[in-house]
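Comments concern the structure below.
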Amino acid sequence: MTPRATSLSRRAFASGLALAPTGALATMHPAQPRSDGLLAFAADAPAPIDLHALLHAPLRVRAVELWRMPQSDAHLVRVVSEDGVEGVVRASTKAAQTSQFFALFVVPHLVGADVRDLHRLLEARYRSDYEYAGLPWWSAWGQAEIAVWDMIGKTLGRRCCDLFGPVQRERIAIYLSSNRRDTTPEQEIALLEARVAETGARAIKLKIGRRMGRNVDAAPGRSEAMIARARRTFGESMTIYADANGAYDAPTAIAVTHMLKHYGVDLLEEPCPFEDFEMTAQAAAGAAIKIAGGENDYAFERWRWYCARGVFDVVQPDLMYNGGALRCIGVQRMARVAGLGFAPHFPRNNADCAPMLHLCAGADNLYGFQEYRARPDALDYAHAPAMAPVGGELAVPPGPGWGVAFDPALWRTATRIVPA
């Protein structure tokens, strides 16, 4: 979809016109449009990737575990196949708070499962657990699904990105984000200036407004003062993104985008509370710059709605909150059909970024720069390879699975949370 077509879709929505989703946009969910445009249940929803074509024999799960690292807040998910192949990934940032969801809704159904049916299993569990299926539920499943992909890649001796489809790029350009709102403009820009010098990053992201703040700034005047200081400090060549985390209503968001445009900001994430999708669509329709969003979304029905109406210029499903890599690839393909950009949400650093790098490697509608936490690169558990941006880019790890190896000694010192 061209920028002109996108703006027309937004204006049509804002005027109250109903835009029927096309079949191409609905293929990731069993609800499909009939010839009259009405949505009806289809027999089945195809998986974004045919795991039966990749794995010619059953690959069953023997164990699914959640571990807390010693003397840190890091949690790891470990999935082990019946053949003893391990898939390991750093857990969701909400792992500690959602451990009961993991124990009750994920482990009993993933243990013993043939992972070739992973997509079908997720859909079946969603329908069964629908009364619990919000972000905590999908986050618990998403972290397990990401670990399963590591196990699949290591079983086959292949990188996950090569299993996803044609690789478009081996290096991913990053932007730096501190994810903080407790800093002054001077502190925030000084922090980013130091990390830009270390990493060679060509893009940064600044947190504006107060998270879900109903038009209140994190500190009086902070947002515009910080944006202005960033432009003065880094010059015209630096790409600047902004993230409101649902801070504004539609009128205020539109006004903020005009302020951001004045300073040459390229993109604003999540201008309005994410659950108010109509307000978000209105803000996007009147925005002066590109709008991105979706990091807290997980339902294909909502993604279909967004893509059919061109609400966002860039969709940002989270690898874990959205239920894993398969579902994120589904959203990426829906966005591609709609002519929208794709930039997965996964704000991490060092080797924790590996799943995001693999997902970005094959996305033919990848937009701009991808998020990298501006904190120090060191992680709080033993692994290889250690990763850090060079020239503002990260290389996709070369090893099988996600390409990250974990020190086996971890399991002797860590505490297993699930199963207890």
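Residues are named by chain letter and number: chains run A, B, ... in the order of the structure tokens, numbers start at 1 in each chain, and ligands are numbered from 1 in the order shown.
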
Report the closest atom pair, with its distance in Å rounded to one decimal, for each residue of region 73-160 of chain A that has an atom no farther than 10 Å from region 384-406 of chain A; count only C-alpha atoms, sort by chain and then rising residue number, and write it as a Markdown table.
| residue | atom | partner | partner_atom | distance |
| --- | --- | --- | --- | --- |
| A:Glu86 | CA | A:Phe406 | CA | 10.0 |
| A:Gly87 | CA | A:Gly401 | CA | 7.9 |
| A:Val88 | CA | A:Phe406 | CA | 7.7 |
| A:Val89 | CA | A:Val404 | CA | 8.5 |
| A:Ile146 | CA | A:Trp402 | CA | 9.1 |
| A:Ala147 | CA | A:Trp402 | CA | 9.0 |
| A:Val148 | CA | A:Gly401 | CA | 9.3 |
| A:Trp149 | CA | A:Gly401 | CA | 6.6 |
| A:Asp150 | CA | A:Gly401 | CA | 4.2 |
| A:Met151 | CA | A:Gly401 | CA | 6.5 |
| A:Ile152 | CA | A:Gly401 | CA | 6.7 |
| A:Gly153 | CA | A:Gly401 | CA | 3.8 |
| A:Lys154 | CA | A:Gly401 | CA | 5.0 |
| A:Thr155 | CA | A:Gly401 | CA | 8.3 |
| A:Leu156 | CA | A:Pro400 | CA | 7.9 |
| A:Gly157 | CA | A:Pro400 | CA | 5.2 |
| A:Arg158 | CA | A:Pro400 | CA | 4.5 |
| A:Arg159 | CA | A:Pro400 | CA | 4.3 |
| A:Cys160 | CA | A:Gly401 | CA | 5.0 |

Output as a compact mmCIF listing (two decimals) with N, CA and C atoms, in the first residue's frame all residues of region 22-262 of chain A that backbone DSSP marks as helix (DSSP H, G or I).
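Output (states.txt):
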# COMPACT_ATOMS: atom_id res chain seq x y z
N GLY A 23 -9.37 -11.38 1.70
CA GLY A 23 -9.01 -12.74 2.07
C GLY A 23 -7.54 -12.85 2.40
N ALA A 24 -6.70 -12.12 1.67
CA ALA A 24 -5.26 -12.20 1.90
C ALA A 24 -4.89 -11.73 3.30
N LEU A 25 -5.65 -10.77 3.82
CA LEU A 25 -5.35 -10.27 5.16
C LEU A 25 -5.89 -11.19 6.24
N ALA A 26 -6.82 -12.03 5.90
CA ALA A 26 -7.48 -12.86 6.91
C ALA A 26 -6.93 -14.28 6.98
N LEU A 51 5.78 -26.96 9.41
CA LEU A 51 6.80 -27.70 10.16
C LEU A 51 6.85 -29.17 9.78
N HIS A 52 5.76 -29.70 9.23
CA HIS A 52 5.79 -31.08 8.76
C HIS A 52 6.73 -31.22 7.56
N ALA A 53 6.87 -30.14 6.78
CA ALA A 53 7.80 -30.18 5.65
C ALA A 53 9.25 -30.08 6.11
N LEU A 54 9.47 -29.45 7.26
CA LEU A 54 10.83 -29.32 7.78
C LEU A 54 11.25 -30.55 8.58
N SER A 99 4.34 -16.92 36.03
CA SER A 99 4.83 -18.30 36.15
C SER A 99 3.69 -19.29 36.36
N GLN A 100 2.60 -18.87 37.01
CA GLN A 100 1.46 -19.78 37.18
C GLN A 100 0.79 -20.07 35.84
N PHE A 101 0.72 -19.06 34.99
CA PHE A 101 0.18 -19.29 33.65
C PHE A 101 1.05 -20.32 32.91
N PHE A 102 2.35 -20.17 33.05
CA PHE A 102 3.29 -21.08 32.39
C PHE A 102 3.08 -22.51 32.91
N ALA A 103 2.96 -22.63 34.24
CA ALA A 103 2.82 -23.96 34.85
C ALA A 103 1.47 -24.61 34.53
N LEU A 104 0.41 -23.80 34.52
CA LEU A 104 -0.93 -24.37 34.38
C LEU A 104 -1.38 -24.53 32.93
N PHE A 105 -0.99 -23.58 32.08
CA PHE A 105 -1.55 -23.56 30.73
C PHE A 105 -0.58 -24.00 29.64
N VAL A 106 0.72 -23.96 29.91
CA VAL A 106 1.70 -24.28 28.87
C VAL A 106 2.29 -25.67 29.09
N VAL A 107 2.91 -25.88 30.24
CA VAL A 107 3.69 -27.10 30.46
C VAL A 107 2.88 -28.37 30.24
N PRO A 108 1.67 -28.51 30.80
CA PRO A 108 0.95 -29.79 30.64
C PRO A 108 0.61 -30.12 29.19
N HIS A 109 0.50 -29.11 28.35
CA HIS A 109 0.06 -29.33 26.97
C HIS A 109 1.23 -29.38 25.98
N LEU A 110 2.37 -28.81 26.37
CA LEU A 110 3.53 -28.85 25.48
C LEU A 110 4.35 -30.11 25.71
N VAL A 115 6.06 -31.10 18.00
CA VAL A 115 6.15 -29.67 17.70
C VAL A 115 5.81 -29.36 16.25
N ARG A 116 5.70 -30.37 15.41
CA ARG A 116 5.26 -30.11 14.04
C ARG A 116 3.84 -29.55 14.01
N ASP A 117 3.09 -29.79 15.08
CA ASP A 117 1.71 -29.30 15.18
C ASP A 117 1.62 -28.08 16.10
N LEU A 118 2.71 -27.35 16.23
CA LEU A 118 2.78 -26.24 17.18
C LEU A 118 1.71 -25.18 16.91
N HIS A 119 1.55 -24.80 15.67
CA HIS A 119 0.56 -23.76 15.34
C HIS A 119 -0.85 -24.22 15.70
N ARG A 120 -1.17 -25.45 15.35
CA ARG A 120 -2.50 -25.99 15.65
C ARG A 120 -2.71 -26.12 17.16
N LEU A 121 -1.65 -26.49 17.88
CA LEU A 121 -1.74 -26.60 19.33
C LEU A 121 -2.05 -25.25 19.97
N LEU A 122 -1.36 -24.21 19.52
CA LEU A 122 -1.60 -22.87 20.05
C LEU A 122 -3.05 -22.44 19.81
N GLU A 123 -3.54 -22.66 18.60
CA GLU A 123 -4.91 -22.27 18.29
C GLU A 123 -5.91 -23.05 19.16
N ALA A 124 -5.66 -24.34 19.34
CA ALA A 124 -6.56 -25.16 20.15
C ALA A 124 -6.56 -24.72 21.60
N ARG A 125 -5.37 -24.44 22.14
CA ARG A 125 -5.29 -24.02 23.54
C ARG A 125 -5.94 -22.65 23.73
N TYR A 126 -5.79 -21.77 22.75
CA TYR A 126 -6.42 -20.45 22.83
C TYR A 126 -7.94 -20.59 22.93
N ARG A 127 -8.50 -21.47 22.11
CA ARG A 127 -9.95 -21.65 22.14
C ARG A 127 -10.39 -22.29 23.47
N SER A 128 -9.57 -23.18 24.00
CA SER A 128 -9.92 -23.84 25.26
C SER A 128 -9.78 -22.91 26.45
N LEU A 135 -2.75 -10.88 27.54
CA LEU A 135 -1.30 -10.78 27.35
C LEU A 135 -0.51 -11.72 28.26
N PRO A 136 -0.89 -11.95 29.53
CA PRO A 136 -0.11 -12.90 30.35
C PRO A 136 -0.14 -14.31 29.77
N TRP A 137 -1.29 -14.74 29.27
CA TRP A 137 -1.40 -16.08 28.69
C TRP A 137 -0.53 -16.21 27.45
N TRP A 138 -0.65 -15.25 26.53
CA TRP A 138 0.14 -15.32 25.29
C TRP A 138 1.62 -15.17 25.57
N SER A 139 1.97 -14.36 26.56
CA SER A 139 3.37 -14.18 26.92
C SER A 139 3.97 -15.48 27.44
N ALA A 140 3.20 -16.20 28.26
CA ALA A 140 3.68 -17.49 28.78
C ALA A 140 3.90 -18.49 27.65
N TRP A 141 2.97 -18.53 26.70
CA TRP A 141 3.13 -19.42 25.56
C TRP A 141 4.24 -18.94 24.62
N GLY A 142 4.33 -17.63 24.43
CA GLY A 142 5.32 -17.10 23.49
C GLY A 142 6.74 -17.44 23.88
N GLN A 143 7.07 -17.35 25.16
CA GLN A 143 8.44 -17.67 25.57
C GLN A 143 8.75 -19.15 25.35
N ALA A 144 7.75 -20.01 25.54
CA ALA A 144 7.95 -21.44 25.29
C ALA A 144 8.12 -21.71 23.79
N GLU A 145 7.31 -21.05 22.98
CA GLU A 145 7.39 -21.24 21.53
C GLU A 145 8.75 -20.82 20.98
N ILE A 146 9.29 -19.72 21.51
CA ILE A 146 10.61 -19.26 21.06
C ILE A 146 11.68 -20.29 21.44
N ALA A 147 11.56 -20.89 22.63
CA ALA A 147 12.51 -21.93 23.03
C ALA A 147 12.35 -23.18 22.16
N VAL A 148 11.12 -23.50 21.78
CA VAL A 148 10.90 -24.65 20.90
C VAL A 148 11.60 -24.44 19.57
N TRP A 149 11.56 -23.24 19.03
CA TRP A 149 12.25 -22.97 17.75
C TRP A 149 13.75 -23.19 17.88
N ASP A 150 14.32 -22.79 19.02
CA ASP A 150 15.74 -23.05 19.24
C ASP A 150 16.02 -24.55 19.22
N MET A 151 15.12 -25.34 19.83
CA MET A 151 15.26 -26.80 19.85
C MET A 151 15.12 -27.37 18.43
N ILE A 152 14.18 -26.84 17.65
CA ILE A 152 14.01 -27.32 16.28
C ILE A 152 15.26 -27.04 15.46
N GLY A 153 15.77 -25.81 15.55
CA GLY A 153 16.96 -25.46 14.78
C GLY A 153 18.16 -26.32 15.15
N LYS A 154 18.33 -26.57 16.45
CA LYS A 154 19.46 -27.38 16.89
C LYS A 154 19.28 -28.85 16.52
N THR A 155 18.04 -29.31 16.48
CA THR A 155 17.78 -30.68 16.03
C THR A 155 18.16 -30.86 14.57
N LEU A 156 17.85 -29.86 13.76
CA LEU A 156 18.13 -29.92 12.32
C LEU A 156 19.53 -29.43 11.97
N CYS A 160 17.47 -20.71 12.70
CA CYS A 160 16.03 -20.47 12.63
C CYS A 160 15.66 -19.62 11.43
N CYS A 161 16.45 -18.58 11.13
CA CYS A 161 16.11 -17.70 10.02
C CYS A 161 16.09 -18.46 8.70
N ASP A 162 16.94 -19.48 8.54
CA ASP A 162 16.93 -20.27 7.32
C ASP A 162 15.71 -21.16 7.24
N LEU A 163 15.14 -21.51 8.40
CA LEU A 163 13.91 -22.30 8.42
C LEU A 163 12.69 -21.43 8.12
N PHE A 164 12.78 -20.15 8.40
CA PHE A 164 11.66 -19.25 8.20
C PHE A 164 11.42 -18.94 6.72
N PRO A 185 16.15 15.75 30.24
CA PRO A 185 16.63 15.76 28.85
C PRO A 185 18.14 15.72 28.76
N GLU A 186 18.83 16.43 29.65
CA GLU A 186 20.30 16.45 29.62
C GLU A 186 20.86 15.07 29.93
N GLN A 187 20.31 14.40 30.93
CA GLN A 187 20.80 13.06 31.29
C GLN A 187 20.54 12.05 30.18
N GLU A 188 19.35 12.12 29.61
CA GLU A 188 18.99 11.14 28.58
C GLU A 188 19.88 11.27 27.35
N ILE A 189 20.09 12.48 26.90
CA ILE A 189 20.90 12.67 25.69
C ILE A 189 22.37 12.36 25.97
N ALA A 190 22.84 12.67 27.16
CA ALA A 190 24.22 12.32 27.50
C ALA A 190 24.42 10.81 27.51
N LEU A 191 23.44 10.08 28.06
CA LEU A 191 23.52 8.62 28.06
C LEU A 191 23.57 8.08 26.64
N LEU A 192 22.68 8.56 25.79
CA LEU A 192 22.62 8.08 24.42
C LEU A 192 23.85 8.51 23.62
N GLU A 193 24.35 9.69 23.90
CA GLU A 193 25.53 10.18 23.19
C GLU A 193 26.72 9.24 23.44
N ALA A 194 26.88 8.81 24.69
CA ALA A 194 27.98 7.91 25.02
C ALA A 194 27.82 6.56 24.32
N ARG A 195 26.60 6.04 24.29
CA ARG A 195 26.37 4.74 23.67
C ARG A 195 26.42 4.81 22.15
N VAL A 196 26.02 5.92 21.58
CA VAL A 196 26.17 6.10 20.12
C VAL A 196 27.65 6.05 19.74
N ALA A 197 28.48 6.69 20.54
CA ALA A 197 29.92 6.66 20.26
C ALA A 197 30.48 5.25 20.35
N GLU A 198 29.97 4.45 21.27
CA GLU A 198 30.46 3.08 21.45
C GLU A 198 29.95 2.11 20.38
N THR A 199 28.73 2.32 19.93
CA THR A 199 28.08 1.34 19.05
C THR A 199 28.03 1.74 17.59
N ARG A 222 9.34 18.08 29.48
CA ARG A 222 10.45 17.16 29.19
C ARG A 222 10.48 16.70 27.74
N SER A 223 9.33 16.33 27.19
CA SER A 223 9.31 15.68 25.88
C SER A 223 9.90 16.57 24.79
N GLU A 224 9.36 17.77 24.64
CA GLU A 224 9.86 18.63 23.56
C GLU A 224 11.30 19.07 23.83
N ALA A 225 11.63 19.36 25.09
CA ALA A 225 13.01 19.76 25.39
C ALA A 225 13.99 18.65 25.05
N MET A 226 13.61 17.40 25.28
CA MET A 226 14.49 16.28 25.00
C MET A 226 14.64 16.05 23.49
N ILE A 227 13.52 16.14 22.77
CA ILE A 227 13.57 15.97 21.32
C ILE A 227 14.44 17.07 20.69
N ALA A 228 14.24 18.30 21.14
CA ALA A 228 15.02 19.40 20.59
C ALA A 228 16.51 19.23 20.89
N ARG A 229 16.82 18.80 22.10
CA ARG A 229 18.22 18.61 22.48
C ARG A 229 18.85 17.47 21.66
N ALA A 230 18.08 16.43 21.43
CA ALA A 230 18.61 15.31 20.63
C ALA A 230 18.97 15.77 19.23
N ARG A 231 18.10 16.57 18.62
CA ARG A 231 18.39 17.02 17.26
C ARG A 231 19.61 17.94 17.24
N ARG A 232 19.72 18.83 18.21
CA ARG A 232 20.90 19.71 18.26
C ARG A 232 22.17 18.90 18.47
N THR A 233 22.10 17.88 19.32
CA THR A 233 23.30 17.11 19.68
C THR A 233 23.76 16.22 18.54
N PHE A 234 22.82 15.52 17.90
CA PHE A 234 23.19 14.50 16.93
C PHE A 234 23.15 14.98 15.49
N ALA A 250 -6.45 11.24 21.09
CA ALA A 250 -6.24 11.51 19.67
C ALA A 250 -5.89 12.97 19.37
N PRO A 251 -6.63 13.96 19.90
CA PRO A 251 -6.26 15.35 19.58
C PRO A 251 -4.84 15.72 20.03
N THR A 252 -4.48 15.27 21.23
CA THR A 252 -3.14 15.60 21.71
C THR A 252 -2.08 14.86 20.91
N ALA A 253 -2.34 13.62 20.58
CA ALA A 253 -1.37 12.85 19.79
C ALA A 253 -1.11 13.51 18.45
N ILE A 254 -2.17 13.97 17.80
CA ILE A 254 -2.00 14.64 16.50
C ILE A 254 -1.14 15.89 16.67
N ALA A 255 -1.41 16.68 17.70
CA ALA A 255 -0.60 17.88 17.94
C ALA A 255 0.86 17.51 18.22
N VAL A 256 1.08 16.45 18.97
CA VAL A 256 2.44 16.01 19.27
C VAL A 256 3.17 15.60 18.00
N THR A 257 2.48 14.94 17.06
CA THR A 257 3.17 14.55 15.82
C THR A 257 3.63 15.77 15.02
N HIS A 258 2.91 16.86 15.10
CA HIS A 258 3.36 18.08 14.42
C HIS A 258 4.60 18.65 15.09
N MET A 259 4.65 18.60 16.42
CA MET A 259 5.86 19.00 17.12
C MET A 259 7.03 18.12 16.72
N LEU A 260 6.81 16.82 16.68
CA LEU A 260 7.87 15.89 16.32
C LEU A 260 8.34 16.12 14.88
N LYS A 261 7.40 16.39 13.99
CA LYS A 261 7.78 16.65 12.60
C LYS A 261 8.69 17.87 12.50
N HIS A 262 8.44 18.87 13.32
CA HIS A 262 9.27 20.08 13.32
C HIS A 262 10.73 19.74 13.58

### Length of the CA of Ala414 (chain A) to CA of Ala351 (chain A) vector [Å]
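CA of Ala351 (chain A) lies at a distance of 18.9 Å from CA of Ala414 (chain A).
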
### Query
Neighbours of region 272-278 of chain A within 10 Å (only C-alpha atoms; same-chain residues fewer than 4 positions away dropped), as JSON, numbers by chain?
{"A": [13, 14, 211, 212, 213, 214, 215, 244, 245, 246, 247, 248, 249, 250, 252, 253, 282, 283, 284, 293, 294, 295, 296, 297, 302, 305, 306, 311]}

May I have the selected residues written with N, CA and C atoms, as a PDB file, in the first residue's frame?
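Wrote it out as result_33.pdb, contents follow:
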ATOM      1  N   PHE A  13     -11.765   5.395   7.292  1.00  0.00           N
ATOM      2  CA  PHE A  13     -12.162   4.892   8.602  1.00  0.00           C
ATOM      3  C   PHE A  13     -12.665   6.026   9.482  1.00  0.00           C
ATOM      4  N   ALA A  14     -11.919   7.140   9.501  1.00  0.00           N
ATOM      5  CA  ALA A  14     -12.293   8.255  10.358  1.00  0.00           C
ATOM      6  C   ALA A  14     -13.659   8.813   9.974  1.00  0.00           C
ATOM      7  N   ARG A 211       3.812   7.176  30.490  1.00  0.00           N
ATOM      8  CA  ARG A 211       3.215   5.901  30.077  1.00  0.00           C
ATOM      9  C   ARG A 211       1.739   5.839  30.481  1.00  0.00           C
ATOM     10  N   MET A 212       0.850   5.673  29.498  1.00  0.00           N
ATOM     11  CA  MET A 212      -0.600   5.647  29.730  1.00  0.00           C
ATOM     12  C   MET A 212      -1.014   6.860  30.576  1.00  0.00           C
ATOM     13  N   GLY A 213      -0.462   8.022  30.244  1.00  0.00           N
ATOM     14  CA  GLY A 213      -0.498   9.168  31.141  1.00  0.00           C
ATOM     15  C   GLY A 213      -1.614  10.171  30.957  1.00  0.00           C
ATOM     16  N   ARG A 214      -2.569   9.944  30.045  1.00  0.00           N
ATOM     17  CA  ARG A 214      -3.695  10.863  29.863  1.00  0.00           C
ATOM     18  C   ARG A 214      -3.223  12.296  29.653  1.00  0.00           C
ATOM     19  N   ASN A 215      -2.333  12.461  28.678  1.00  0.00           N
ATOM     20  CA  ASN A 215      -1.840  13.762  28.204  1.00  0.00           C
ATOM     21  C   ASN A 215      -0.893  14.462  29.171  1.00  0.00           C
ATOM     22  N   ALA A 244       5.409   6.900  22.793  1.00  0.00           N
ATOM     23  CA  ALA A 244       4.544   7.512  23.800  1.00  0.00           C
ATOM     24  C   ALA A 244       3.959   6.508  24.783  1.00  0.00           C
ATOM     25  N   ASN A 245       3.993   5.217  24.462  1.00  0.00           N
ATOM     26  CA  ASN A 245       3.416   4.189  25.340  1.00  0.00           C
ATOM     27  C   ASN A 245       2.015   4.570  25.816  1.00  0.00           C
ATOM     28  N   GLY A 246       1.173   4.992  24.870  1.00  0.00           N
ATOM     29  CA  GLY A 246      -0.220   5.269  25.184  1.00  0.00           C
ATOM     30  C   GLY A 246      -0.462   6.530  25.973  1.00  0.00           C
ATOM     31  N   ALA A 247       0.415   7.520  25.834  1.00  0.00           N
ATOM     32  CA  ALA A 247       0.335   8.717  26.686  1.00  0.00           C
ATOM     33  C   ALA A 247      -0.802   9.658  26.335  1.00  0.00           C
ATOM     34  N   TYR A 248      -1.280   9.649  25.083  1.00  0.00           N
ATOM     35  CA  TYR A 248      -2.114  10.756  24.606  1.00  0.00           C
ATOM     36  C   TYR A 248      -3.475  10.286  24.104  1.00  0.00           C
ATOM     37  N   ASP A 249      -4.435  11.206  24.128  1.00  0.00           N
ATOM     38  CA  ASP A 249      -5.663  10.983  23.382  1.00  0.00           C
ATOM     39  C   ASP A 249      -5.443  11.443  21.940  1.00  0.00           C
ATOM     40  N   ALA A 250      -6.451  11.245  21.095  1.00  0.00           N
ATOM     41  CA  ALA A 250      -6.243  11.514  19.667  1.00  0.00           C
ATOM     42  C   ALA A 250      -5.894  12.975  19.369  1.00  0.00           C
ATOM     43  N   THR A 252      -4.479  15.273  21.226  1.00  0.00           N
ATOM     44  CA  THR A 252      -3.139  15.600  21.714  1.00  0.00           C
ATOM     45  C   THR A 252      -2.080  14.863  20.909  1.00  0.00           C
ATOM     46  N   ALA A 253      -2.338  13.619  20.582  1.00  0.00           N
ATOM     47  CA  ALA A 253      -1.375  12.850  19.788  1.00  0.00           C
ATOM     48  C   ALA A 253      -1.114  13.513  18.447  1.00  0.00           C
ATOM     49  N   GLN A 282      -7.877   7.143  14.838  1.00  0.00           N
ATOM     50  CA  GLN A 282      -8.127   8.559  14.624  1.00  0.00           C
ATOM     51  C   GLN A 282      -6.833   9.364  14.703  1.00  0.00           C
ATOM     52  N   ALA A 283      -6.000   9.042  15.703  1.00  0.00           N
ATOM     53  CA  ALA A 283      -4.722   9.746  15.837  1.00  0.00           C
ATOM     54  C   ALA A 283      -3.847   9.507  14.615  1.00  0.00           C
ATOM     55  N   ALA A 284      -3.811   8.255  14.146  1.00  0.00           N
ATOM     56  CA  ALA A 284      -2.998   7.943  12.975  1.00  0.00           C
ATOM     57  C   ALA A 284      -3.516   8.652  11.736  1.00  0.00           C
ATOM     58  N   GLY A 293       2.759   0.675  15.951  1.00  0.00           N
ATOM     59  CA  GLY A 293       2.106   0.161  17.156  1.00  0.00           C
ATOM     60  C   GLY A 293       1.835  -1.323  17.067  1.00  0.00           C
ATOM     61  N   GLY A 294       1.276  -1.842  18.153  1.00  0.00           N
ATOM     62  CA  GLY A 294       0.881  -3.239  18.211  1.00  0.00           C
ATOM     63  C   GLY A 294       1.677  -4.079  19.184  1.00  0.00           C
ATOM     64  N   GLU A 295       2.596  -3.484  19.943  1.00  0.00           N
ATOM     65  CA  GLU A 295       3.459  -4.302  20.801  1.00  0.00           C
ATOM     66  C   GLU A 295       2.689  -5.040  21.884  1.00  0.00           C
ATOM     67  N   ASN A 296       1.515  -4.543  22.261  1.00  0.00           N
ATOM     68  CA  ASN A 296       0.720  -5.205  23.291  1.00  0.00           C
ATOM     69  C   ASN A 296      -0.437  -6.015  22.723  1.00  0.00           C
ATOM     70  N   ASP A 297      -0.496  -6.161  21.406  1.00  0.00           N
ATOM     71  CA  ASP A 297      -1.578  -6.901  20.773  1.00  0.00           C
ATOM     72  C   ASP A 297      -1.176  -8.349  20.548  1.00  0.00           C
ATOM     73  N   ARG A 302      -7.546  -8.539  15.726  1.00  0.00           N
ATOM     74  CA  ARG A 302      -7.123  -7.129  15.821  1.00  0.00           C
ATOM     75  C   ARG A 302      -6.087  -6.802  14.740  1.00  0.00           C
ATOM     76  N   TRP A 305      -7.806  -6.269  11.510  1.00  0.00           N
ATOM     77  CA  TRP A 305      -8.488  -4.973  11.521  1.00  0.00           C
ATOM     78  C   TRP A 305      -7.492  -3.845  11.235  1.00  0.00           C
ATOM     79  N   TYR A 306      -6.360  -3.872  11.932  1.00  0.00           N
ATOM     80  CA  TYR A 306      -5.341  -2.849  11.710  1.00  0.00           C
ATOM     81  C   TYR A 306      -4.855  -2.840  10.269  1.00  0.00           C
ATOM     82  N   VAL A 311      -4.136   1.225   9.590  1.00  0.00           N
ATOM     83  CA  VAL A 311      -4.066   2.102  10.770  1.00  0.00           C
ATOM     84  C   VAL A 311      -2.633   2.514  11.052  1.00  0.00           C
TER      85      VAL A 311
END

### Query
A:Cys328, A:Ala96, A:Asp182, A:Val418: which is nearest Gly209 (chain A), counting only C-alpha atoms?
A:Asp182

### Task
Quick one: pull the distance between CA of Phe300 (chain A) and CA of Val331 (chain A), Å, one decimal.
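Spanning CA of Phe300 (chain A) to CA of Val331 (chain A) is a straight-line distance of 7.7 Å.
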
### Query
Of the candidates A:Asp50, A:Asp129, A:Glu301, A:Asp377, which shows the shortest atom-to-atom distance to Leu326 (chain A), using only C-alpha atoms?
A:Asp50

### Query
Nearest to Arg375 (chain A) among A:Ala325, A:Val61, A:Leu176, A:Ala218, with distances taken over only C-alpha atoms: which residue is it?
A:Leu176

### Task
Point out the residue among A:Val337, A:Val77, A:Ala378, A:Ala354 with the least atom-to-atom distance to Ala95 (chain A), counting only C-alpha atoms.
A:Val77

### Message
Let me make sure I understand: among A:Thr98, A:Gln316, A:Asn365, A:Gln370, which one has the smallest atom-to-atom distance to Glu270 (chain A) if we use only C-alpha atoms?
### Response
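Of A:Thr98, A:Gln316, A:Asn365, A:Gln370, the one nearest Glu270 (chain A) is A:Gln316, counting only C-alpha atoms.
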
### Query
Separation of CA of Pro376 (chain A) and CA of Lys205 (chain A), in Å?
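Calculated distance between CA of Pro376 (chain A) and CA of Lys205 (chain A) is 16.5 Å.
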
### Nearest candidate to Ala173 (chain A) (options A:Tyr263, A:Tyr367, A:Tyr241, A:Phe312; using only C-alpha atoms)
A:Tyr367

Write down as a PDB file with C-alpha atoms, in the first residue's frame the residues of region 95-254 of chain A whose backbone DSSP state falls under strand (DSSP E).
ATOM      1  CA  ARG A 171      23.104  -7.695   9.430  1.00  0.00           C
ATOM      2  CA  ILE A 172      20.367  -5.731  11.187  1.00  0.00           C
ATOM      3  CA  ALA A 173      20.638  -1.971  11.738  1.00  0.00           C
ATOM      4  CA  ILE A 174      19.692  -0.961  15.281  1.00  0.00           C
ATOM      5  CA  TYR A 175      18.488   2.087  17.165  1.00  0.00           C
ATOM      6  CA  LEU A 176      19.380   2.800  20.781  1.00  0.00           C
ATOM      7  CA  SER A 177      16.691   3.179  23.420  1.00  0.00           C
ATOM      8  CA  ALA A 203      19.281   5.972  15.109  1.00  0.00           C
ATOM      9  CA  ILE A 204      17.874   6.540  18.595  1.00  0.00           C
ATOM     10  CA  LYS A 205      14.454   6.366  20.251  1.00  0.00           C
ATOM     11  CA  LEU A 206      13.200   8.681  22.973  1.00  0.00           C
ATOM     12  CA  LYS A 207      10.381   8.032  25.438  1.00  0.00           C
ATOM     13  CA  THR A 239      17.255   9.102  12.680  1.00  0.00           C
ATOM     14  CA  ILE A 240      15.051   9.794  15.690  1.00  0.00           C
ATOM     15  CA  TYR A 241      12.020   7.773  16.755  1.00  0.00           C
ATOM     16  CA  ALA A 242       9.676   8.571  19.652  1.00  0.00           C
ATOM     17  CA  ASP A 243       7.549   6.291  21.819  1.00  0.00           C
TER      18      ASP A 243
END

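The environment of Ala343 (chain A) within 8 Å, counting only C-alpha atoms and disregarding residues fewer than 2 places along the same chain, consists of Val314, Val315, Gln316, Pro317, Gly341, His345, Cys360, Leu366, Tyr367, Gly368, Phe369 and Gln370 of chain A.
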